[in-house]
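Below is one structure, written out as C-alpha cells, with a few remarks after it.
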Number of protein chains: 2
Amino acid sequence: MASSIHDLARHLNISIGTVSRALNGRADVNADTRQRVLEAARTLNYSPNQSGRSLRQGATHSIAFMMQPHPGDQQYGEPFFIPLLIGLQARLAESGLDLIVVMGAPGDYQQERLRRVVETRRADAVVLAWTRREDERIDYLTQVGFPFATLGRSRSGTKSYPSLDLDFEKAGADAVDRLVARGHRRIAAIRPSLDLNFGYLFLAGYRKALRRHGIEVDPELIASGFINEAAGYEVTPQVMRSKNPPTAIIFNNDAMALGGCKALAEMGIRPGHDMAVTVIVDTPLCRYFSPALTAFRPALEPMGQRLAEMLLASLPAFAGPDGPRIMREVWPLELVARDSD
Amino acid sequence: MASSIHDLARHLNISIGTVSRALNGRADVNADTRQRVLEAARTLNYSPNQSGRSLRQGATHSIAFMMQPHPGDQQYGEPFFIPLLIGLQARLAESGLDLIVVMGAPGDYQQERLRRVVETRRADAVVLAWTRREDERIDYLTQVGFPFATLGRSRSGTKSYPSLDLDFEKAGADAVDRLVARGHRRIAAIRPSLDLNFGYLFLAGYRKALRRHGIEVDPELIASGFINEAAGYEVTPQVMRSKNPPTAIIFNNDAMALGGCKALAEMGIRPGHDMAVTVIVDTPLCRYFSPALTAFRPALEPMGQRLAEMLLASLPAFAGPDGPRIMREVWPLELVARDSD
DNA sequence: TGTGTTCTCGTAAACGTTTACGGAAAAACG
DNA sequence: CGTTTTTCCGTAAACGTTTACGAGAACACA
C-alpha cells in the first residue's frame, strides 16, 4: 500500500539517492529528473515515512503541547487553549512542523508524560502551559537540555527559554482601579489554588492597586480553589461571610465566576445589581452570560502564533541567519466592559 | 545524552540482540543477564528510540485523536471531549499506547490533516469524533484500509469499524415526553447545522415523540446553527417569532443553550419560569447556570475507556485470542432534572 | 559414548530515510 | 585538443531498533 522511496527509484530506474535529493529540493539534481520524480511521487501516492526520516535526522518534525487536568479539575481550562492551539498549529505548519497535543492523566502534573515524550524522542520541542511559580517541568527540561517554550512565566529555570505571558498583574490592578473608580472599596479576589503563576501575578496586581488607593488588603476577601465551577461555587460564600462583605468580586477565571455567580444567585444577590463582578480571562461564556460579564480579553490566536515563532527562533535548526534567540514577551489583556459591574 | 541499545551492549560486553531480547521480555535470555541488562538500562537512563522501533516494527505505538473546529466555531465543543480523552488515554496507556491529539485548521474538516497522519504513518489508528451523516473521513480511511474507530455513527463506510455512540434519538424523544407530560405542546428544537449525525438523531427522536403524542411537527419551531454561543443567540429569536411561539425549547448543545438563554433574557423571558429549557448534552455549564439546566448526561470518561477497548479489540496486534472483533455500541444519556423546565 | 534436546547468545539483515563521497559525463576555458 | 570546472548521479553508510537463523554449550537420556 504505502510506497517508499525505493518504489519511486525502481519505477524511474534511478537510484534512491537521487530520488531523495529531488524530493528534498537539493540543488544537485537535474531539473528534468526532478520533474519526473515529483510526478512519480504524485502518481504513486508517495509520502515519506516519518519514522525513517526521524531516525536518520534525529528530528521528529513535531512539537508537543502538554495538556493535562489539574487535580480536581476535569476541564483543562480548554476554552482558553483552543484558539491558542489554532495559532500555534498554523505557525508551526508553515515551517513543516506538526503540532501534537499529549494528554496526561489527571493529577501527576505531567512529569511522567513529559519524561516519556522527551526520552522516547517523540517531539523536537515542547510547549508548556499553566506554568507554576516553581515548575518542576521547567527544571527537568533545562536539566536534560530539551528545547521548550512556555506560555506563562516561572521562577524556575535559568530564564534561558522563550516565554510568552499575559500581564495578569496589570489586569488585576486595572480591575481594581475600575471598581474603585466606580465607588467600590470592599473588593474580593477569587483565584486558583495551587501555585499557578498567573494566580500569583493577578493577586500581586490586586494588592498593589488596593494599596495605591489606600485600601487595606483584607485576607477575608481573598479565597482560592481549583479552576472550575465547583470551586467557584464553594469558595464564593466564604468571602460573603466576611464581617464586612464585599461589594465587588474579581474572579481569576470564567469557570470560577460561573460557579460563583450561582452561589450569589442562591443568596439572592444579582451580579450587576447587588454585586459588581469582573473576570480576568474572557471567554465566550463571559459574553453570553446574563448579565454579560466584564472581563479582560487576551489575543489568544495571535499569541499562539507568536509563541510558535518564539520557539522556532530559539531552535538552531529553524533560527534565522543570526542564530537562535531567546525571546520573552508579556502581552496585555484588553478590558471588555459589559454589564456585570 | 541519549543512550542507545548499543551503549548498553558495549557496557555489558554482550550483543545488542541479547540486550533487545532482554528488554522486550523474550524467553530466550538467561535470567541473570536479563537482570544485568535491566539494571544497566536504569543506570544508563536508557529508553528506546521511538523512531527506531517504529521503523523496524512498522508501528508507531500511538493512536491519533482528530480534533478540529467546525467552520465558524472557535471552540471545538471541548468541554465535551476532555473527559472522553481522559478515558481514552487511560485505557490506551494500559496497552502501551500513546494518545496524541492532532489539531486541524478550522474549516477544512480534517481531511488534509487526516491524510497527513495516515500517509506519514504517525499513528497506528485514529479515532474520529463528530461524525457526520455522510463522512468523507470514514470513506477515506476505509478506502485506504487504515484502522479507526468513531465516536458517533454515520451512513458512510461499510460499518466495518468499531463505533460508540450516544442514543441521541432516545434523548430527543425523552426530552419531548418529559415536556409534554408537564403540559407543553409547543416545543422548539435547536440543533446544529451541518450534517453532524447527532443532530439528525436528536431531531428524529424529537419528531417521532411529537407524533406519538399527536402533536404536529411545526417547521417554524425548528432552527439550526453552528454549535456555539453566537449561533444560539442568533437562532433562538427565530423560533420565538413564530406565529404560535413555543413554551419550551430543547437545545442540542450547552453552548447554543447559553446563547439562547441570553437571547431569551433580552426578551424578558426567564428560563424555568416563562419558558422550559432542556439541553441534550450536559456539561458543568448546565449545572452551574442560573437556573440550573435540565440536561441529558453522557458517561464520558467510561465511554472513552470503552472506545479505546473497542478500537484495540479491532486491531489484530491487540485483539484477544479469538482474533479481531468489530463492536458497535450505543450508550444511553441519563436525564438530570434541574430547574429550567 | 552417542544422540537428541534445551538454553542462551551472537550475527546480520531489515525497516525508510538522508547524505558524504566520489566518479563519469558534459561543459567551459585556454 | 588538453585541462579544469560544473553538473548530475550512484554507492554505501548510518540512524536505533527487532528478529530470523544458526551455533555452541550444557544437559538429558539411552
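If you're wondering about the labels, chains in the C-alpha cells are A, B, ... by order shown, residues count from 1 in each chain, ligands from 1 in order shown.
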Query - Distance query Asp339 in chain B at most 8 Å, only C-alpha atoms (C1' of nucleotides), self and fewer than 3 positions along chain excluded, as an NGL selection string - result: :B and (272 or 291-294)
Write a file of the just-selected residues containing N, CA, C and O atoms, as a PDB file, in the first residue's frame.
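Printed below is selection-v8.pdb as written:
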```
ATOM      1  N   GLY B 272     -37.196  28.517  32.941  1.00  0.00           N
ATOM      2  CA  GLY B 272     -37.652  27.931  34.202  1.00  0.00           C
ATOM      3  C   GLY B 272     -38.915  28.582  34.711  1.00  0.00           C
ATOM      4  O   GLY B 272     -39.638  28.017  35.529  1.00  0.00           O
ATOM      5  N   PRO B 291     -31.165  29.622  35.865  1.00  0.00           N
ATOM      6  CA  PRO B 291     -31.389  28.422  36.668  1.00  0.00           C
ATOM      7  C   PRO B 291     -30.597  27.239  36.114  1.00  0.00           C
ATOM      8  O   PRO B 291     -30.273  27.235  34.928  1.00  0.00           O
ATOM      9  N   ALA B 292     -30.327  26.298  36.979  1.00  0.00           N
ATOM     10  CA  ALA B 292     -29.625  25.094  36.535  1.00  0.00           C
ATOM     11  C   ALA B 292     -30.437  24.414  35.446  1.00  0.00           C
ATOM     12  O   ALA B 292     -31.656  24.290  35.549  1.00  0.00           O
ATOM     13  N   LEU B 293     -29.742  23.990  34.390  1.00  0.00           N
ATOM     14  CA  LEU B 293     -30.446  23.490  33.213  1.00  0.00           C
ATOM     15  C   LEU B 293     -30.663  21.981  33.273  1.00  0.00           C
ATOM     16  O   LEU B 293     -29.732  21.219  33.509  1.00  0.00           O
ATOM     17  N   THR B 294     -31.894  21.588  33.060  1.00  0.00           N
ATOM     18  CA  THR B 294     -32.201  20.173  32.909  1.00  0.00           C
ATOM     19  C   THR B 294     -31.491  19.651  31.658  1.00  0.00           C
ATOM     20  O   THR B 294     -31.573  20.276  30.600  1.00  0.00           O
TER      21      THR B 294
END
```
Report task. Write out as a list of chain:residue names each polymer residue whose atoms come within 12 Å of range 20-23 of chain C, counting only C-alpha atoms (C1' of nucleotides); drop sequence neighbours fewer than 5 positions from it. Result ->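 My reading of the contact set: A:Gly17, D:DC8, D:DC9, D:DG10, D:DT11, D:DA12, D:DA13, D:DA14.
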Query raised in the report: So which bits of range 92-134 of chain B end up helix (DSSP H, G or I) when you DSSP the backbone, as JSON, numbers by chain?
Result: {"B": [92, 93, 94, 111, 112, 113, 114, 115, 116, 117, 118, 119]}
Go ahead and dump the residues you just picked, all heavy atoms, as a CSV table (one decimal), in the first residue's frame.
```
chain,number,residue,atom,x,y,z
B,92,LEU,N,-5.7,3.3,26.8
B,92,LEU,CA,-4.6,3.1,25.8
B,92,LEU,C,-3.2,2.9,26.5
B,92,LEU,O,-2.4,2.1,26.1
B,92,LEU,CB,-4.5,4.3,24.8
B,92,LEU,CG,-5.7,4.4,23.8
B,92,LEU,CD1,-5.6,5.6,23.0
B,92,LEU,CD2,-5.9,3.1,23.0
B,93,ALA,N,-3.0,3.7,27.5
B,93,ALA,CA,-1.8,3.6,28.2
B,93,ALA,C,-1.6,2.2,28.8
B,93,ALA,O,-0.5,1.7,28.8
B,93,ALA,CB,-1.7,4.6,29.4
B,94,GLU,N,-2.7,1.6,29.2
B,94,GLU,CA,-2.6,0.2,29.7
B,94,GLU,C,-2.0,-0.7,28.7
B,94,GLU,O,-1.3,-1.7,29.0
B,94,GLU,CB,-4.0,-0.3,30.1
B,94,GLU,CG,-4.5,0.2,31.4
B,94,GLU,CD,-5.9,-0.3,31.7
B,94,GLU,OE1,-6.3,-1.3,31.1
B,94,GLU,OE2,-6.6,0.3,32.5
B,111,GLN,N,-9.7,16.7,6.6
B,111,GLN,CA,-9.3,15.8,5.5
B,111,GLN,C,-7.8,15.9,5.3
B,111,GLN,O,-7.1,14.9,5.2
B,111,GLN,CB,-10.0,16.1,4.2
B,111,GLN,CG,-11.3,15.3,4.0
B,111,GLN,CD,-11.1,13.8,4.1
B,111,GLN,OE1,-11.2,13.2,5.1
B,111,GLN,NE2,-10.9,13.2,2.9
B,112,GLU,N,-7.3,17.1,5.2
B,112,GLU,CA,-5.9,17.3,4.9
B,112,GLU,C,-5.0,16.7,6.0
B,112,GLU,O,-4.1,16.0,5.8
B,112,GLU,CB,-5.6,18.7,4.7
B,112,GLU,CG,-4.3,19.0,4.0
B,112,GLU,CD,-4.0,20.5,4.0
B,112,GLU,OE1,-4.9,21.3,4.2
B,112,GLU,OE2,-2.8,20.8,3.9
B,113,ARG,N,-5.4,17.1,7.2
B,113,ARG,CA,-4.6,16.6,8.4
B,113,ARG,C,-4.7,15.1,8.5
B,113,ARG,O,-3.7,14.4,8.8
B,113,ARG,CB,-5.1,17.3,9.7
B,113,ARG,CG,-5.0,18.7,9.7
B,113,ARG,CD,-3.6,19.2,9.9
B,113,ARG,NE,-3.1,18.7,11.2
B,113,ARG,CZ,-1.8,18.6,11.6
B,113,ARG,NH1,-0.9,18.9,10.7
B,113,ARG,NH2,-1.5,18.2,12.8
B,114,LEU,N,-5.8,14.6,8.3
B,114,LEU,CA,-6.0,13.2,8.4
B,114,LEU,C,-5.1,12.4,7.4
B,114,LEU,O,-4.4,11.5,7.7
B,114,LEU,CB,-7.5,12.8,8.1
B,114,LEU,CG,-7.9,11.4,8.3
B,114,LEU,CD1,-7.5,10.9,9.7
B,114,LEU,CD2,-9.4,11.2,8.1
B,115,ARG,N,-5.1,12.9,6.1
B,115,ARG,CA,-4.3,12.3,5.1
B,115,ARG,C,-2.8,12.3,5.6
B,115,ARG,O,-2.1,11.4,5.4
B,115,ARG,CB,-4.4,13.1,3.8
B,115,ARG,CG,-5.7,13.0,3.1
B,115,ARG,CD,-5.6,13.7,1.8
B,115,ARG,NE,-4.7,13.0,0.8
B,115,ARG,CZ,-5.2,12.1,0.0
B,115,ARG,NH1,-6.5,11.8,0.0
B,115,ARG,NH2,-4.4,11.4,-0.8
B,116,ARG,N,-2.4,13.5,6.2
B,116,ARG,CA,-1.1,13.6,6.6
B,116,ARG,C,-0.7,12.6,7.7
B,116,ARG,O,0.3,12.0,7.6
B,116,ARG,CB,-0.9,15.0,7.2
B,116,ARG,CG,0.5,15.4,7.3
B,116,ARG,CD,0.7,16.9,7.6
B,116,ARG,NE,2.0,17.1,8.2
B,116,ARG,CZ,3.1,17.0,7.5
B,116,ARG,NH1,3.1,16.8,6.2
B,116,ARG,NH2,4.3,17.2,8.1
B,117,VAL,N,-1.6,12.4,8.6
B,117,VAL,CA,-1.4,11.5,9.7
B,117,VAL,C,-1.2,10.1,9.1
B,117,VAL,O,-0.3,9.3,9.4
B,117,VAL,CB,-2.5,11.5,10.8
B,117,VAL,CG1,-2.4,10.3,11.7
B,117,VAL,CG2,-2.4,12.8,11.6
B,118,VAL,N,-2.2,9.8,8.2
B,118,VAL,CA,-2.2,8.4,7.7
B,118,VAL,C,-0.9,8.2,6.8
B,118,VAL,O,-0.2,7.2,6.9
B,118,VAL,CB,-3.5,8.2,6.8
B,118,VAL,CG1,-3.4,6.9,6.0
B,118,VAL,CG2,-4.7,8.2,7.7
B,119,GLU,N,-0.7,9.1,5.9
B,119,GLU,CA,0.4,8.9,4.9
B,119,GLU,C,1.8,8.9,5.5
B,119,GLU,O,2.6,8.2,5.0
B,119,GLU,CB,0.2,9.9,3.8
B,119,GLU,CG,-1.0,9.7,2.9
B,119,GLU,CD,-1.2,10.7,1.9
B,119,GLU,OE1,-0.4,11.7,1.8
B,119,GLU,OE2,-2.1,10.6,1.0
```
If you take only C-alpha atoms (C1' of nucleotides) and a cut-off of 10 Å, which residues of chain B touch chain D, and what are their nearest atom pairs and distances in Å to one decimal, in chain and number order, as JSON lines?
```
{"residue": "B:Ser4", "atom": "CA", "partner": "D:DG16", "partner_atom": "C1'", "distance": 6.9}
{"residue": "B:Ile5", "atom": "CA", "partner": "D:DG16", "partner_atom": "C1'", "distance": 7.4}
{"residue": "B:His6", "atom": "CA", "partner": "D:DG16", "partner_atom": "C1'", "distance": 8.5}
{"residue": "B:Ile16", "atom": "CA", "partner": "D:DT17", "partner_atom": "C1'", "distance": 9.7}
{"residue": "B:Gly17", "atom": "CA", "partner": "D:DT18", "partner_atom": "C1'", "distance": 8.2}
{"residue": "B:Ser20", "atom": "CA", "partner": "D:DT18", "partner_atom": "C1'", "distance": 7.5}
{"residue": "B:Arg21", "atom": "CA", "partner": "D:DT18", "partner_atom": "C1'", "distance": 8.6}
{"residue": "B:Asn24", "atom": "CA", "partner": "D:DT18", "partner_atom": "C1'", "distance": 9.6}
{"residue": "B:Pro48", "atom": "CA", "partner": "D:DG16", "partner_atom": "C1'", "distance": 8.1}
{"residue": "B:Asn49", "atom": "CA", "partner": "D:DG16", "partner_atom": "C1'", "distance": 6.4}
{"residue": "B:Gln50", "atom": "CA", "partner": "D:DT17", "partner_atom": "C1'", "distance": 8.6}
{"residue": "B:Ser51", "atom": "CA", "partner": "D:DG16", "partner_atom": "C1'", "distance": 7.6}
{"residue": "B:Gly52", "atom": "CA", "partner": "D:DG16", "partner_atom": "C1'", "distance": 4.5}
{"residue": "B:Arg53", "atom": "CA", "partner": "D:DT17", "partner_atom": "C1'", "distance": 4.8}
{"residue": "B:Ser54", "atom": "CA", "partner": "D:DT17", "partner_atom": "C1'", "distance": 8.1}
{"residue": "B:Leu55", "atom": "CA", "partner": "D:DT17", "partner_atom": "C1'", "distance": 7.6}
{"residue": "B:Arg56", "atom": "CA", "partner": "D:DT17", "partner_atom": "C1'", "distance": 6.0}
{"residue": "B:Gln57", "atom": "CA", "partner": "D:DT18", "partner_atom": "C1'", "distance": 7.0}
```
Report task. Determine, counting only C-alpha atoms (C1' of nucleotides), which protein, DNA and RNA residues have an atom within 9 Å of an atom of Ala308 in chain A; residues of the same chain fewer than 4 positions away are not included. Present the result as a PyMOL selection string. Result -> chain A and resi 87-92+127+149+303-304+312-313
Keeping N, CA, C and O atoms, export the residues of the selection given above as a compact mmCIF listing (two decimals), in the first residue's frame.
```
# COMPACT_ATOMS: atom_id res chain seq x y z
N GLY A 87 -3.59 28.95 16.74
CA GLY A 87 -2.50 29.83 16.35
C GLY A 87 -1.17 29.10 16.28
O GLY A 87 -0.41 29.24 15.32
N LEU A 88 -0.90 28.31 17.27
CA LEU A 88 0.33 27.53 17.29
C LEU A 88 0.44 26.66 16.05
O LEU A 88 1.44 26.66 15.34
N GLN A 89 -0.61 25.90 15.84
CA GLN A 89 -0.64 24.95 14.74
C GLN A 89 -0.41 25.65 13.40
O GLN A 89 0.36 25.17 12.57
N ALA A 90 -1.05 26.78 13.24
CA ALA A 90 -0.93 27.49 11.97
C ALA A 90 0.53 27.89 11.71
O ALA A 90 1.06 27.64 10.62
N ARG A 91 1.17 28.45 12.70
CA ARG A 91 2.54 28.91 12.50
C ARG A 91 3.52 27.75 12.34
O ARG A 91 4.44 27.80 11.52
N LEU A 92 3.31 26.70 13.10
CA LEU A 92 4.21 25.55 13.01
C LEU A 92 4.10 24.88 11.65
O LEU A 92 5.09 24.44 11.08
N VAL A 127 5.88 22.59 24.30
CA VAL A 127 5.32 23.84 24.78
C VAL A 127 4.58 23.56 26.08
O VAL A 127 3.75 22.67 26.15
N ALA A 149 9.33 25.94 25.15
CA ALA A 149 8.88 27.31 25.36
C ALA A 149 7.70 27.24 26.31
O ALA A 149 7.06 26.20 26.43
N MET A 303 -1.38 35.09 19.99
CA MET A 303 -0.40 34.63 20.97
C MET A 303 0.15 33.26 20.60
O MET A 303 1.34 32.99 20.73
N GLY A 304 -0.75 32.41 20.13
CA GLY A 304 -0.31 31.09 19.72
C GLY A 304 0.70 31.19 18.59
O GLY A 304 1.75 30.53 18.60
N LEU A 312 10.44 28.65 17.57
CA LEU A 312 11.25 28.37 16.39
C LEU A 312 12.53 29.20 16.39
O LEU A 312 13.61 28.69 16.06
N ALA A 313 12.41 30.45 16.78
CA ALA A 313 13.58 31.33 16.78
C ALA A 313 14.64 30.83 17.76
O ALA A 313 15.82 31.15 17.63
```
With the cut-off set at 9 Å and counting only C-alpha atoms (C1' of nucleotides), tabulate each residue of chain C with an atom at most that distance from an atom of chain A, showing the nearest atom pair and its distance in Å to one decimal, ordered by chain and increasing number, as CSV.
```
residue,atom,partner,partner_atom,distance
C:DC15,C1',A:Gly52,CA,7.9
C:DG16,C1',A:Gly52,CA,4.5
C:DT17,C1',A:Gly52,CA,4.6
C:DT18,C1',A:Arg56,CA,6.3
C:DT19,C1',A:Gly17,CA,8.5
```
Query raised in the report: Could you name the residues that touch Ala64 in chain B at 8 Å or less, counting only C-alpha atoms (C1' of nucleotides), but leaving out those on the same chain fewer than 3 positions away, as a ChimeraX atom specification?
Result: /B:99-102,123-127
Keeping C-alpha atoms for every residue in the selection just given, could you write it to a file as a compact mmCIF listing (two decimals), in the first residue's frame?
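File selection01.txt, as written:
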```
# COMPACT_ATOMS: atom_id res chain seq x y z
CA LEU B 99 -2.67 9.12 22.66
CA ILE B 100 -1.88 12.10 20.53
CA VAL B 101 -4.38 14.74 19.63
CA VAL B 102 -3.90 16.27 16.27
CA ALA B 123 -0.25 6.74 14.28
CA ASP B 124 -1.39 3.15 14.13
CA ALA B 125 -5.03 4.06 14.20
CA VAL B 126 -7.20 7.09 14.52
CA VAL B 127 -10.28 7.99 16.50
```
Query raised in the report: Which residue out of B:Phe318, B:Trp130, B:Phe146, B:Phe289 has the minimum interatomic distance to chain A when only C-alpha atoms are used?
Result: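 Using only C-alpha atoms, the shortest distance to chain A belongs to B:Phe289.
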Report task. Between CA of Gly205 in chain B and CA of Leu285 in chain A, measure the distance and give it in Å to one decimal. Result ->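 So the answer is 28.9 Å.
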Query raised in the report: Which residues come within 10 Å of range 37-47 of chain B, counting only C-alpha atoms (C1' of nucleotides), excluding same-chain residues fewer than 3 positions away, as a list in words?
Result: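 Selected residues are Arg116, Val118, Glu119, Thr120 and Arg121 of chain A; Met1, Ala2, Ser3, Ser4, Ile5, Asp7, Leu8, Ala9, His11, Leu12, Ile14, Thr18, Val19, Ser20, Arg21, Ala22, Leu23, Ala31, Asp32, Thr33, Arg34 and Gln50 of chain B.
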Restricting the output to N, CA and C atoms, write the selected residues as an mmCIF file, in the first residue's frame.
```cif
data_model
loop_
_atom_site.group_PDB
_atom_site.id
_atom_site.type_symbol
_atom_site.label_atom_id
_atom_site.label_comp_id
_atom_site.auth_asym_id
_atom_site.auth_seq_id
_atom_site.Cartn_x
_atom_site.Cartn_y
_atom_site.Cartn_z
ATOM 1 N N ARG A 116 8.285 10.849 29.249
ATOM 2 C CA ARG A 116 8.058 9.889 28.178
ATOM 3 C C ARG A 116 8.265 10.528 26.813
ATOM 4 N N VAL A 118 9.990 13.159 26.115
ATOM 5 C CA VAL A 118 11.388 13.539 25.952
ATOM 6 C C VAL A 118 12.257 12.309 25.699
ATOM 7 N N GLU A 119 12.089 11.297 26.528
ATOM 8 C CA GLU A 119 13.006 10.166 26.461
ATOM 9 C C GLU A 119 12.807 9.301 25.222
ATOM 10 N N THR A 120 11.576 9.195 24.784
ATOM 11 C CA THR A 120 11.365 8.418 23.570
ATOM 12 C C THR A 120 11.494 9.298 22.336
ATOM 13 N N ARG A 121 11.855 10.533 22.550
ATOM 14 C CA ARG A 121 12.088 11.479 21.443
ATOM 15 C C ARG A 121 10.909 11.531 20.485
ATOM 16 N N MET B 1 24.029 12.145 25.222
ATOM 17 C CA MET B 1 22.959 12.271 26.207
ATOM 18 C C MET B 1 22.067 11.028 26.197
ATOM 19 N N ALA B 2 21.499 10.815 25.031
ATOM 20 C CA ALA B 2 20.580 9.677 24.901
ATOM 21 C C ALA B 2 21.374 8.400 24.683
ATOM 22 N N SER B 3 21.132 7.410 25.516
ATOM 23 C CA SER B 3 21.878 6.176 25.369
ATOM 24 C C SER B 3 21.071 5.183 24.543
ATOM 25 N N SER B 4 21.766 4.465 23.701
ATOM 26 C CA SER B 4 21.087 3.528 22.815
ATOM 27 C C SER B 4 21.335 2.108 23.286
ATOM 28 N N ILE B 5 20.752 1.205 22.586
ATOM 29 C CA ILE B 5 20.919 -0.191 22.890
ATOM 30 C C ILE B 5 22.374 -0.624 22.702
ATOM 31 N N ASP B 7 24.955 1.227 23.467
ATOM 32 C CA ASP B 7 25.675 1.626 24.669
ATOM 33 C C ASP B 7 25.547 0.548 25.743
ATOM 34 N N LEU B 8 24.316 0.073 25.905
ATOM 35 C CA LEU B 8 24.086 -0.969 26.894
ATOM 36 C C LEU B 8 24.939 -2.190 26.558
ATOM 37 N N ALA B 9 24.921 -2.575 25.290
ATOM 38 C CA ALA B 9 25.646 -3.769 24.865
ATOM 39 C C ALA B 9 27.136 -3.615 25.145
ATOM 40 N N HIS B 11 28.545 -1.604 27.234
ATOM 41 C CA HIS B 11 28.752 -1.510 28.675
ATOM 42 C C HIS B 11 28.753 -2.878 29.348
ATOM 43 N N LEU B 12 27.931 -3.768 28.829
ATOM 44 C CA LEU B 12 27.802 -5.089 29.448
ATOM 45 C C LEU B 12 28.631 -6.157 28.727
ATOM 46 N N ILE B 14 28.019 -7.540 25.841
ATOM 47 C CA ILE B 14 27.197 -8.549 25.179
ATOM 48 C C ILE B 14 26.671 -7.955 23.885
ATOM 49 N N THR B 18 20.970 -9.534 22.238
ATOM 50 C CA THR B 18 20.621 -10.008 23.576
ATOM 51 C C THR B 18 19.998 -8.888 24.410
ATOM 52 N N VAL B 19 20.568 -7.726 24.301
ATOM 53 C CA VAL B 19 20.021 -6.597 25.048
ATOM 54 C C VAL B 19 18.565 -6.378 24.665
ATOM 55 N N SER B 20 18.330 -6.330 23.377
ATOM 56 C CA SER B 20 16.969 -6.095 22.905
ATOM 57 C C SER B 20 16.031 -7.179 23.420
ATOM 58 N N ARG B 21 16.483 -8.421 23.318
ATOM 59 C CA ARG B 21 15.617 -9.506 23.776
ATOM 60 C C ARG B 21 15.352 -9.415 25.272
ATOM 61 N N ALA B 22 16.378 -9.057 26.008
ATOM 62 C CA ALA B 22 16.197 -8.926 27.452
ATOM 63 C C ALA B 22 15.182 -7.836 27.761
ATOM 64 N N LEU B 23 15.338 -6.714 27.089
ATOM 65 C CA LEU B 23 14.450 -5.580 27.329
ATOM 66 C C LEU B 23 13.005 -5.923 26.977
ATOM 67 N N ALA B 31 18.105 -15.541 32.881
ATOM 68 C CA ALA B 31 17.508 -14.674 33.895
ATOM 69 C C ALA B 31 18.552 -13.728 34.482
ATOM 70 N N ASP B 32 19.738 -14.214 34.602
ATOM 71 C CA ASP B 32 20.800 -13.407 35.178
ATOM 72 C C ASP B 32 21.183 -12.234 34.272
ATOM 73 N N THR B 33 21.421 -12.557 33.010
ATOM 74 C CA THR B 33 21.794 -11.470 32.096
ATOM 75 C C THR B 33 20.657 -10.481 31.961
ATOM 76 N N ARG B 34 19.448 -10.973 31.986
ATOM 77 C CA ARG B 34 18.317 -10.060 31.889
ATOM 78 C C ARG B 34 18.378 -9.044 33.031
ATOM 79 N N GLN B 50 11.846 5.885 19.774
ATOM 80 C CA GLN B 50 10.594 5.543 19.116
ATOM 81 C C GLN B 50 10.733 5.396 17.612
#
```
Report task. Using only C-alpha atoms (C1' of nucleotides), determine which residues lie at most 12 Å from Ser224 in chain B, disregarding the query and same-chain residues fewer than 2 positions distant; provide the list as a PyMOL selection string. Result -> chain B and resi 188-196+199-200+203+219-222+226-228+230-239+250-253+256-257+260
Query raised in the report: Which of these residues is nearest to chain B, using only C-alpha atoms: A:Leu84, A:Met103, A:Leu97, A:Ala276?
Result: A:Met103
Report task. Between B:Leu258, B:Ala248, B:Ala27, B:Val176, single out the one closest to chain A, counting only C-alpha atoms. Result -> B:Leu258
